[in-house]
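Trainee: Here you go, protein26.cif (mmCIF, C-alpha atoms and all ligand atoms):
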```cif
data_start
loop_
_atom_site.label_atom_id
_atom_site.label_comp_id
_atom_site.auth_asym_id
_atom_site.auth_seq_id
_atom_site.Cartn_x
_atom_site.Cartn_y
_atom_site.Cartn_z
CA ALA A 10 94.45 72.99 111.40
CA SER A 11 91.14 72.27 109.72
CA GLY A 12 91.89 69.98 106.81
CA LEU A 13 90.06 72.53 104.67
CA MET A 14 92.56 71.98 101.84
CA ALA A 15 92.97 68.21 102.32
CA GLY A 16 93.09 66.42 98.96
CA LYS A 17 93.73 69.67 97.08
CA ARG A 18 96.86 70.34 95.05
CA GLY A 19 98.00 73.52 93.41
CA VAL A 20 100.65 75.83 92.10
CA ILE A 21 101.89 78.94 93.90
CA MET A 22 103.94 81.34 91.76
CA GLY A 23 105.81 84.32 93.22
CA VAL A 24 107.71 83.19 96.30
CA ALA A 25 110.96 85.21 96.34
CA ASN A 26 111.71 84.90 100.05
CA ASN A 27 110.03 84.45 103.44
CA ARG A 28 108.53 87.96 103.25
CA SER A 29 106.64 87.28 99.99
CA ILE A 30 102.84 87.38 100.04
CA ALA A 31 102.95 84.09 98.09
CA TRP A 32 104.78 82.57 101.07
CA GLY A 33 102.06 83.74 103.47
CA ILE A 34 99.48 82.00 101.29
CA ALA A 35 101.64 78.87 100.94
CA LYS A 36 101.97 78.58 104.73
CA ALA A 37 98.20 78.87 105.23
CA ILE A 38 97.42 76.30 102.53
CA HIS A 39 99.98 73.89 103.95
CA ALA A 40 98.68 74.33 107.51
CA HIS A 41 95.22 73.26 106.30
CA GLY A 42 96.37 70.15 104.45
CA GLY A 43 96.92 71.34 100.87
CA GLU A 44 99.76 70.13 98.65
CA ILE A 45 101.80 72.79 96.90
CA ALA A 46 104.12 73.15 93.90
CA LEU A 47 106.21 76.33 93.88
CA THR A 48 107.73 78.00 90.85
CA TYR A 49 110.43 80.65 91.09
CA GLN A 50 112.03 83.17 88.77
CA GLY A 51 115.68 82.59 87.94
CA GLU A 52 118.53 80.63 89.46
CA ALA A 53 119.28 83.31 92.08
CA LEU A 54 115.91 82.72 93.74
CA LYS A 55 116.19 78.93 93.54
CA ARG A 56 118.53 78.96 96.55
CA ARG A 57 115.97 80.88 98.59
CA VAL A 58 112.92 78.92 97.46
CA GLU A 59 114.26 75.39 97.93
CA PRO A 60 114.62 75.58 101.74
CA LEU A 61 111.20 77.24 102.03
CA ALA A 62 109.66 74.48 99.91
CA ALA A 63 111.25 71.90 102.21
CA GLU A 64 109.66 73.59 105.26
CA ILE A 65 106.16 72.94 103.91
CA GLY A 66 106.84 69.73 101.97
CA ALA A 67 106.23 71.51 98.66
CA ILE A 68 107.41 70.37 95.25
CA VAL A 69 109.70 72.79 93.42
CA ALA A 70 108.29 72.77 89.89
CA GLY A 71 111.16 74.81 88.52
CA ASP A 72 112.25 78.09 87.06
CA CYS A 73 109.35 79.95 85.45
CA ASP A 74 109.88 83.38 83.90
CA VAL A 75 106.37 84.55 83.04
CA GLY A 76 107.79 86.89 80.41
CA ASP A 77 108.68 83.81 78.38
CA GLU A 78 105.82 81.62 77.09
CA ALA A 79 108.14 78.62 76.61
CA SER A 80 109.20 78.87 80.25
CA ILE A 81 105.53 78.83 81.37
CA ASP A 82 104.86 75.80 79.15
CA ALA A 83 107.82 73.98 80.65
CA ALA A 84 106.71 74.65 84.24
CA PHE A 85 103.14 73.49 83.58
CA ALA A 86 104.38 70.42 81.66
CA GLU A 87 106.39 69.51 84.76
CA ILE A 88 103.34 69.97 87.02
CA GLU A 89 101.18 67.89 84.67
CA LYS A 90 103.81 65.15 84.73
CA ILE A 91 103.92 65.08 88.55
CA TRP A 92 100.21 65.48 89.40
CA GLY A 93 98.11 65.28 86.22
CA LYS A 94 95.50 67.64 87.66
CA ILE A 95 95.43 70.62 90.01
CA ASP A 96 92.80 72.37 92.14
CA PHE A 97 94.26 75.85 92.69
CA LEU A 98 96.63 78.44 91.26
CA VAL A 99 98.15 81.49 92.95
CA HIS A 100 99.73 84.25 90.85
CA ALA A 101 101.62 86.64 93.14
CA ILE A 102 103.81 88.28 90.52
CA GLY A 103 104.41 91.85 89.49
CA PHE A 104 107.19 93.87 87.96
CA SER A 105 107.97 97.41 86.88
CA ASP A 106 111.25 99.29 86.54
CA LYS A 107 111.75 101.00 89.88
CA ASP A 108 112.93 104.19 88.17
CA GLU A 109 109.31 104.64 87.08
CA LEU A 110 107.78 103.88 90.49
CA THR A 111 108.59 107.42 91.53
CA GLY A 112 107.86 110.83 90.08
CA ARG A 113 105.05 111.39 87.57
CA TYR A 114 102.95 108.73 85.81
CA VAL A 115 102.87 110.92 82.70
CA ASP A 116 106.60 110.25 82.20
CA THR A 117 106.21 106.45 81.88
CA SER A 118 108.21 105.04 78.96
CA ALA A 119 106.70 102.81 76.29
CA ASP A 120 109.20 100.03 77.02
CA ASN A 121 108.49 99.92 80.72
CA PHE A 122 104.74 100.23 80.10
CA ASP A 123 104.89 97.13 77.87
CA LYS A 124 107.06 95.18 80.30
CA THR A 125 104.91 96.10 83.31
CA MET A 126 101.72 95.04 81.51
CA ARG A 127 103.26 91.83 80.20
CA ILE A 128 104.66 90.64 83.54
CA SER A 129 102.01 92.04 85.89
CA VAL A 130 98.84 91.60 83.81
CA TYR A 131 99.12 89.29 80.79
CA SER A 132 101.04 86.66 82.75
CA PHE A 133 97.95 85.91 84.87
CA THR A 134 95.88 85.25 81.76
CA SER A 135 98.69 83.21 80.28
CA VAL A 136 99.11 80.95 83.33
CA ALA A 137 95.32 80.73 83.76
CA ARG A 138 95.09 79.19 80.28
CA ARG A 139 97.62 76.49 81.21
CA ALA A 140 96.06 75.91 84.62
CA GLU A 141 92.57 75.55 83.09
CA LYS A 142 93.71 72.42 81.27
CA LEU A 143 94.80 70.85 84.57
CA MET A 144 91.68 71.88 86.55
CA THR A 145 89.59 69.00 85.31
CA ASP A 146 87.43 68.94 88.48
CA GLY A 147 87.04 72.73 88.70
CA GLY A 148 89.33 74.94 90.72
CA SER A 149 90.22 78.31 92.16
CA MET A 150 92.63 80.88 90.73
CA LEU A 151 93.89 83.84 92.69
CA THR A 152 95.98 86.92 91.93
CA LEU A 153 97.17 89.87 94.03
CA THR A 154 96.24 93.48 93.41
CA TYR A 155 96.43 96.84 95.17
CA TYR A 156 94.22 99.87 95.86
CA GLY A 157 96.42 101.89 93.48
CA ALA A 158 94.22 100.34 90.74
CA GLU A 159 91.20 102.26 92.05
CA LYS A 160 92.64 105.51 93.36
CA VAL A 161 95.84 107.36 92.58
CA MET A 162 98.57 106.50 95.07
CA PRO A 163 101.84 108.44 95.09
CA ASN A 164 104.63 106.76 93.06
CA TYR A 165 102.54 103.69 92.16
CA ASN A 166 102.14 105.11 88.66
CA VAL A 167 102.23 102.53 85.83
CA MET A 168 101.73 99.74 88.36
CA GLY A 169 98.34 101.27 89.25
CA VAL A 170 97.37 101.25 85.58
CA ALA A 171 98.54 97.62 85.35
CA LYS A 172 96.58 96.58 88.46
CA ALA A 173 93.42 98.16 86.99
CA ALA A 174 93.92 95.98 83.91
CA LEU A 175 94.65 92.94 86.09
CA GLU A 176 91.39 93.49 88.02
CA ALA A 177 89.45 93.73 84.76
CA SER A 178 91.08 90.53 83.55
CA VAL A 179 89.99 88.73 86.74
CA LYS A 180 86.39 89.48 85.75
CA TYR A 181 86.83 88.37 82.13
CA LEU A 182 88.56 85.17 83.23
CA ALA A 183 85.81 84.49 85.79
CA VAL A 184 83.23 84.57 82.98
CA ASP A 185 85.30 82.41 80.61
CA LEU A 186 86.12 79.74 83.18
CA GLY A 187 82.98 79.76 85.35
CA PRO A 188 81.16 77.11 83.27
CA LYS A 189 84.02 74.73 84.13
CA ASN A 190 83.54 75.48 87.84
CA ILE A 191 86.83 77.35 87.88
CA ARG A 192 86.68 80.47 90.06
CA VAL A 193 88.91 83.51 89.53
CA ASN A 194 89.42 86.13 92.21
CA ALA A 195 91.91 88.72 93.45
CA ILE A 196 92.95 89.86 96.88
CA SER A 197 93.59 93.58 97.09
CA ALA A 198 96.17 93.58 99.87
CA GLY A 199 97.15 96.55 102.00
CA PRO A 200 100.80 97.61 101.79
CA ILE A 201 103.37 95.11 103.12
CA LYS A 202 107.14 95.53 103.18
CA THR A 203 108.29 92.95 100.60
CA LEU A 204 111.05 92.89 97.99
CA ALA A 205 108.68 94.19 95.29
CA ALA A 206 107.35 96.95 97.59
CA SER A 207 110.86 98.20 98.34
CA GLY A 208 110.98 99.45 94.73
CA ILE A 209 108.10 101.88 95.35
CA GLY A 210 109.11 105.42 96.32
CA ASP A 211 108.28 106.60 99.90
CA PHE A 212 106.93 103.15 100.77
CA ARG A 213 107.52 103.63 104.51
CA TYR A 214 105.33 106.73 104.45
CA ILE A 215 102.56 104.75 102.71
CA LEU A 216 102.81 102.03 105.39
CA LYS A 217 102.55 104.55 108.24
CA TRP A 218 99.69 106.35 106.52
CA ASN A 219 97.75 103.08 106.31
CA GLU A 220 98.52 102.16 109.90
CA TYR A 221 97.20 105.51 111.18
CA ASN A 222 94.20 105.80 108.90
CA ALA A 223 92.83 102.28 108.26
CA PRO A 224 89.70 101.47 110.31
CA LEU A 225 91.57 98.69 112.13
CA ARG A 226 94.54 101.03 112.81
CA ARG A 227 97.11 98.49 111.68
CA THR A 228 98.78 97.28 108.51
CA VAL A 229 98.36 93.70 107.27
CA SER A 230 100.87 90.84 107.43
CA ILE A 231 101.55 88.08 104.91
CA GLU A 232 99.84 85.74 107.39
CA ASP A 233 96.70 87.93 107.31
CA VAL A 234 96.65 87.80 103.52
CA GLY A 235 97.50 84.08 103.65
CA ASP A 236 94.33 83.36 105.62
CA VAL A 237 92.21 85.31 103.13
CA GLY A 238 93.95 83.28 100.41
CA LEU A 239 92.92 80.11 102.23
CA TYR A 240 89.28 81.23 102.06
CA MET A 241 89.59 82.06 98.36
CA LEU A 242 91.28 78.76 97.46
CA SER A 243 89.12 76.50 99.62
CA ASP A 244 85.50 75.48 99.15
CA LEU A 245 84.43 78.08 101.73
CA SER A 246 84.35 80.58 98.85
CA ARG A 247 82.68 78.13 96.41
CA SER A 248 80.07 80.72 95.39
CA VAL A 249 82.57 83.57 94.94
CA THR A 250 84.09 84.44 91.56
CA GLY A 251 85.15 87.59 89.73
CA GLU A 252 85.66 89.25 93.11
CA ILE A 253 88.28 91.82 94.12
CA HIS A 254 88.44 91.20 97.87
CA HIS A 255 90.19 93.81 100.01
CA ALA A 256 92.47 92.56 102.79
CA ASP A 257 93.66 95.99 103.91
CA SER A 258 92.40 96.61 107.47
CA GLY A 259 89.48 98.40 105.77
CA TYR A 260 91.57 101.22 104.31
CA HIS A 261 89.61 101.26 101.03
CA VAL A 262 86.43 102.57 102.68
CA VAL A 263 88.07 105.62 104.21
CA GLY A 264 87.30 109.00 102.66
CA MET A 265 89.76 111.17 104.58
CA LYS A 266 92.47 111.21 107.21
CA ALA A 267 91.46 109.83 110.61
CA VAL A 268 90.76 112.56 113.18
CA ASP A 269 93.22 110.94 115.63
CA ALA A 270 95.98 110.26 113.05
CA PRO A 271 99.38 111.58 114.18
CA ASP A 272 101.63 113.45 111.75
CA ILE A 273 104.10 111.24 109.91
P1 LIG B 1 107.78 89.81 96.20
O1 LIG B 1 108.92 90.60 95.67
O2 LIG B 1 108.02 88.93 97.35
O3 LIG B 1 107.09 88.97 95.04
C1 LIG B 1 107.06 89.39 93.70
C2 LIG B 1 107.35 88.16 92.87
O4 LIG B 1 107.23 88.43 91.48
C3 LIG B 1 108.77 87.61 93.10
O5 LIG B 1 108.69 86.28 93.54
C4 LIG B 1 109.39 87.71 91.72
O6 LIG B 1 110.31 86.65 91.47
C5 LIG B 1 108.16 87.58 90.85
N1 LIG B 1 108.40 88.00 89.48
C6 LIG B 1 108.74 89.22 89.00
N2 LIG B 1 108.95 89.16 87.67
C7 LIG B 1 108.75 87.86 87.30
C8 LIG B 1 108.84 87.14 86.07
N3 LIG B 1 109.20 87.76 84.91
N4 LIG B 1 108.58 85.81 86.07
C9 LIG B 1 108.24 85.18 87.21
N5 LIG B 1 108.13 85.80 88.40
C10 LIG B 1 108.40 87.13 88.44
O7 LIG B 1 106.66 90.92 96.55
P2 LIG B 1 105.11 90.78 96.97
O8 LIG B 1 104.78 92.09 97.54
O9 LIG B 1 104.86 89.55 97.73
O10 LIG B 1 104.38 90.72 95.54
C11 LIG B 1 103.44 89.71 95.18
C12 LIG B 1 102.23 90.34 94.51
O11 LIG B 1 101.49 91.08 95.48
C13 LIG B 1 102.56 91.34 93.38
O12 LIG B 1 101.61 91.18 92.35
C14 LIG B 1 102.34 92.67 94.08
O13 LIG B 1 102.04 93.71 93.16
C15 LIG B 1 101.16 92.33 94.95
N6 LIG B 1 100.86 93.26 96.04
C16 LIG B 1 101.83 93.64 96.91
C17 LIG B 1 101.54 94.54 97.94
C18 LIG B 1 102.62 94.98 98.89
O14 LIG B 1 102.45 96.04 99.52
N7 LIG B 1 103.70 94.25 99.06
C19 LIG B 1 100.23 95.03 98.09
C20 LIG B 1 99.24 94.61 97.19
C21 LIG B 1 99.56 93.74 96.16
#
```
Translate the structure described by the file into structure tokens.
Mentor:
Amino acid sequence: ASGLMAGKRGVIMGVANNRSIAWGIAKAIHAHGGEIALTYQGEALKRRVEPLAAEIGAIVAGDCDVGDEASIDAAFAEIEKIWGKIDFLVHAIGFSDKDELTGRYVDTSADNFDKTMRISVYSFTSVARRAEKLMTDGGSMLTLTYYGAEKVMPNYNVMGVAKAALEASVKYLAVDLGPKNIRVNAISAGPIKTLAASGIGDFRYILKWNEYNAPLRRTVSIEDVGDVGLYMLSDLSRSVTGEIHHADSGYHVVGMKAVDAPDI
């Protein structure tokens, strides 16, 4: 390992299990010398997150439901108490009712629209505001997005609308926080079979489609995204902010089905 993250400390939000994208990023940061505090959502996930934290010597900063401002305050108060300052923040959180991740976007309910936007979009802004106070020597913030923000993907529906808003908020946050040398970026990851992804209709078809049609002819792993996260959170990307960086085997440049793609 390089020591690229030596002396850097930060918070990673969104580890649910060892298939989470947040876990891929945590492993990469740990391997390069960074110190990590993990937050989790709810007592049920605590049992899964604690052994993972132990594997990488991470602090467990506690239960943080990003739908609850008091819960976010409590988690960041805990981190401030332990470390005083931080250098990076990872937000790998999204939620929508799975009944609306299938069928037509036009049928999205007002309640689920609000909840999806609150948890998947506003929460990044909300945690960024707390993290800013602790990034007294500058820092790097990172969130996770998907191509469904740019182009219509089957079943992604309200989550695509939310990711478009999340990507716009990355740019607004980059401008607000840039003068403090705080960078704000997103990784637009290709599809990966995680807990969150299992809620999306026909997800296996989407995975196969990407494998057959992406320029690199493969899907991405959490380790692939973890290494891109390492670049975004380390000083290697010190001149990069407001960027939506695709880690998707190149799928986003493709205009039509590959000539050699088999039927699915
Ligand atoms: P995951 O299920 O492992 O992670 C989602 C996380 O969101 C979980 O840890 C869950 O606890 C957390 N979460 C949900 N509601 C929350 C709340 N109210 N408070 C706090 N945490 C909450 O799945 P993942 O695929 O690793 O998802 C991480 C991020 O990556 C999401 O933003 C997702 O949209 C994005 N993403 C995923 C893919 C994919 O194909 N898996 C592709 C591109 C982007």
Trainee: Rounded to one decimal place, report the atom CA of A:Arg226-atom CA of A:Val24 distance in Å.
Mentor: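 Answer for the atom CA of A:Arg226 to atom CA of A:Val24 separation: 27.6 Å.
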Trainee: Can you tell me, as a ChimeraX atom specification, what residues are no more than 9 Å from A:Thr228 when counting all atoms listed in the file, ignoring any on the same chain fewer than 5 positions away?
Mentor: /A:199-201,216-217,219-221,223,257-258
Trainee: Residues of stretch 142-237 of chain A that approach stretch 117-120 of chain A to 12 Å or less, counting all atoms listed in the file: could you list each one with the shortest pair of atoms and its distance in Å to one decimal, rows by chain and increasing residue number, as a Markdown table?
Mentor:
```
| residue | atom | partner | partner_atom | distance |
| --- | --- | --- | --- | --- |
| A:Asn164 | CA | A:Thr117 | CA | 11.3 |
| A:Tyr165 | CA | A:Thr117 | CA | 11.3 |
| A:Asn166 | CA | A:Thr117 | CA | 8.0 |
| A:Val167 | CA | A:Thr117 | CA | 6.8 |
| A:Met168 | CA | A:Thr117 | CA | 10.3 |
| A:Gly169 | CA | A:Thr117 | CA | 12.0 |
| A:Val170 | CA | A:Thr117 | CA | 10.9 |
```
Trainee: Identify, on the basis of all atoms listed in the file, every residue whose closest approach to A:Gly148 does not exceed 7 Å; exclude the query and any residue fewer than 3 positions from it along the same chain; express the result as a ChimeraX atom specification.
Mentor: /A:96-97,144,190-192
Trainee: Per residue of stretch 122-222 of chain A within 12 Å of stretch 60-77 of chain A, what are the shortest atom pair and its distance in Å to one decimal, counting all atoms listed in the file, with rows by chain and residue number, as CSV?
Mentor:
```
residue,atom,partner,partner_atom,distance
A:Asp123,CA,A:Gly76,CA,10.9
A:Lys124,CA,A:Gly76,CA,8.3
A:Thr125,CA,A:Gly76,CA,10.1
A:Met126,CA,A:Gly76,CA,10.2
A:Arg127,CA,A:Gly76,CA,6.7
A:Ile128,CA,A:Gly76,CA,5.8
A:Ser129,CA,A:Val75,CA,9.1
A:Val130,CA,A:Val75,CA,10.3
A:Tyr131,CA,A:Val75,CA,8.9
A:Ser132,CA,A:Val75,CA,5.7
A:Phe133,CA,A:Val75,CA,8.7
A:Thr134,CA,A:Val75,CA,10.6
A:Ser135,CA,A:Val75,CA,8.3
A:Val136,CA,A:Val75,CA,8.1
A:Ala137,CA,A:Val75,CA,11.7
```
Trainee: Compile the contact shell of A:Asp244 as a PyMOL selection string: residues with an atom at most 9 Å away, counting only C-alpha atoms, same-chain residues fewer than 5 positions apart removed.
Mentor: chain A and resi 13-14+149
Trainee: Every residue with an atom at most 12 Å from (100.8, 104.7, 89.5) (file coordinates; all atoms listed in the file) is what I'm after, so could you write them as JSON, numbers by chain?
Mentor: {"A": [105, 107, 109, 110, 111, 112, 113, 114, 115, 116, 117, 122, 125, 155, 156, 157, 158, 159, 160, 161, 162, 163, 164, 165, 166, 167, 168, 169, 170, 171, 172, 173, 209, 210]}
Trainee: Could you save those same residues with C-alpha atoms as an mmCIF file, keeping the file's coordinate frame?
Mentor:
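Result file out_4.cif:
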```cif
data_model
loop_
_atom_site.group_PDB
_atom_site.id
_atom_site.type_symbol
_atom_site.label_atom_id
_atom_site.label_comp_id
_atom_site.auth_asym_id
_atom_site.auth_seq_id
_atom_site.Cartn_x
_atom_site.Cartn_y
_atom_site.Cartn_z
ATOM 1 C CA SER A 105 107.970 97.410 86.880
ATOM 2 C CA LYS A 107 111.750 101.000 89.880
ATOM 3 C CA GLU A 109 109.310 104.640 87.080
ATOM 4 C CA LEU A 110 107.780 103.880 90.490
ATOM 5 C CA THR A 111 108.590 107.420 91.530
ATOM 6 C CA GLY A 112 107.860 110.830 90.080
ATOM 7 C CA ARG A 113 105.050 111.390 87.570
ATOM 8 C CA TYR A 114 102.950 108.730 85.810
ATOM 9 C CA VAL A 115 102.870 110.920 82.700
ATOM 10 C CA ASP A 116 106.600 110.250 82.200
ATOM 11 C CA THR A 117 106.210 106.450 81.880
ATOM 12 C CA PHE A 122 104.740 100.230 80.100
ATOM 13 C CA THR A 125 104.910 96.100 83.310
ATOM 14 C CA TYR A 155 96.430 96.840 95.170
ATOM 15 C CA TYR A 156 94.220 99.870 95.860
ATOM 16 C CA GLY A 157 96.420 101.890 93.480
ATOM 17 C CA ALA A 158 94.220 100.340 90.740
ATOM 18 C CA GLU A 159 91.200 102.260 92.050
ATOM 19 C CA LYS A 160 92.640 105.510 93.360
ATOM 20 C CA VAL A 161 95.840 107.360 92.580
ATOM 21 C CA MET A 162 98.570 106.500 95.070
ATOM 22 C CA PRO A 163 101.840 108.440 95.090
ATOM 23 C CA ASN A 164 104.630 106.760 93.060
ATOM 24 C CA TYR A 165 102.540 103.690 92.160
ATOM 25 C CA ASN A 166 102.140 105.110 88.660
ATOM 26 C CA VAL A 167 102.230 102.530 85.830
ATOM 27 C CA MET A 168 101.730 99.740 88.360
ATOM 28 C CA GLY A 169 98.340 101.270 89.250
ATOM 29 C CA VAL A 170 97.370 101.250 85.580
ATOM 30 C CA ALA A 171 98.540 97.620 85.350
ATOM 31 C CA LYS A 172 96.580 96.580 88.460
ATOM 32 C CA ALA A 173 93.420 98.160 86.990
ATOM 33 C CA ILE A 209 108.100 101.880 95.350
ATOM 34 C CA GLY A 210 109.110 105.420 96.320
#
```
Trainee: Please determine, counting all atoms listed in the file, which residue among A:Val263, A:Leu204, A:Leu225, A:Leu239 has the shortest atom-to-atom distance to ligand LIG 1 (chain B).
Mentor: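 The answer is A:Leu204, which sits nearest to ligand LIG 1 (chain B).
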Trainee: Record the distance separating atom CA of A:Ala205 and atom CA of A:Gly259, expressed in Å with one decimal.
Mentor: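 Straight-line distance from atom CA of A:Ala205 to atom CA of A:Gly259 works out to 22.3 Å.
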Trainee: How many Å separate atom CA of A:Lys90 from atom CA of A:Ile45?
Mentor: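 It comes out at 14.5 Å.
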Trainee: Of the residues A:Ile38, A:Ala267, A:Ile91, A:Ala183, which is the one nearest to A:Gly16, using all atoms listed in the file?
Mentor: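 The shortest atom-to-atom distance to A:Gly16 comes from A:Ile38.
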Trainee: Can you report as lines of an AutoDock Vina configuration file the centre and edge lengths in Å, to one decimal, of an axis-aligned box around the listed atoms of ligand LIG 1 (chain B) padded with 6 Å on each side?
Mentor:
```
center_x = 104.8
center_y = 90.6
center_z = 92.2
size_x = 23.1
size_y = 22.9
size_z = 26.6
```
Trainee: Could N, CA and C atoms be built for stretch 232-243 of chain A and written out as a short mmCIF file (atom, residue, chain, number, x, y, z; two decimals), in the frame of the given file?
Mentor:
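As a result, selection_20.cif now contains:
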```cif
data_model
loop_
_atom_site.label_atom_id
_atom_site.label_comp_id
_atom_site.auth_asym_id
_atom_site.auth_seq_id
_atom_site.Cartn_x
_atom_site.Cartn_y
_atom_site.Cartn_z
N GLU A 232 100.69 86.78 106.79
CA GLU A 232 99.84 85.74 107.39
C GLU A 232 98.36 86.14 107.30
N ASP A 233 98.09 87.44 107.48
CA ASP A 233 96.70 87.93 107.31
C ASP A 233 96.21 87.64 105.89
N VAL A 234 97.04 88.00 104.92
CA VAL A 234 96.65 87.80 103.52
C VAL A 234 96.60 86.30 103.21
N GLY A 235 97.50 85.53 103.83
CA GLY A 235 97.50 84.08 103.65
C GLY A 235 96.17 83.46 104.06
N ASP A 236 95.61 83.92 105.17
CA ASP A 236 94.33 83.36 105.62
C ASP A 236 93.18 83.74 104.69
N VAL A 237 93.24 84.94 104.13
CA VAL A 237 92.21 85.31 103.13
C VAL A 237 92.40 84.45 101.88
N GLY A 238 93.65 84.18 101.54
CA GLY A 238 93.95 83.28 100.41
C GLY A 238 93.37 81.90 100.65
N LEU A 239 93.48 81.42 101.88
CA LEU A 239 92.92 80.11 102.23
C LEU A 239 91.41 80.07 101.95
N TYR A 240 90.73 81.13 102.34
CA TYR A 240 89.28 81.23 102.06
C TYR A 240 89.02 81.20 100.55
N MET A 241 89.81 81.96 99.81
CA MET A 241 89.59 82.06 98.36
C MET A 241 89.90 80.75 97.64
N LEU A 242 90.87 79.99 98.15
CA LEU A 242 91.28 78.76 97.46
C LEU A 242 90.53 77.53 97.94
N SER A 243 89.86 77.65 99.08
CA SER A 243 89.12 76.50 99.62
C SER A 243 87.66 76.55 99.17
#
```
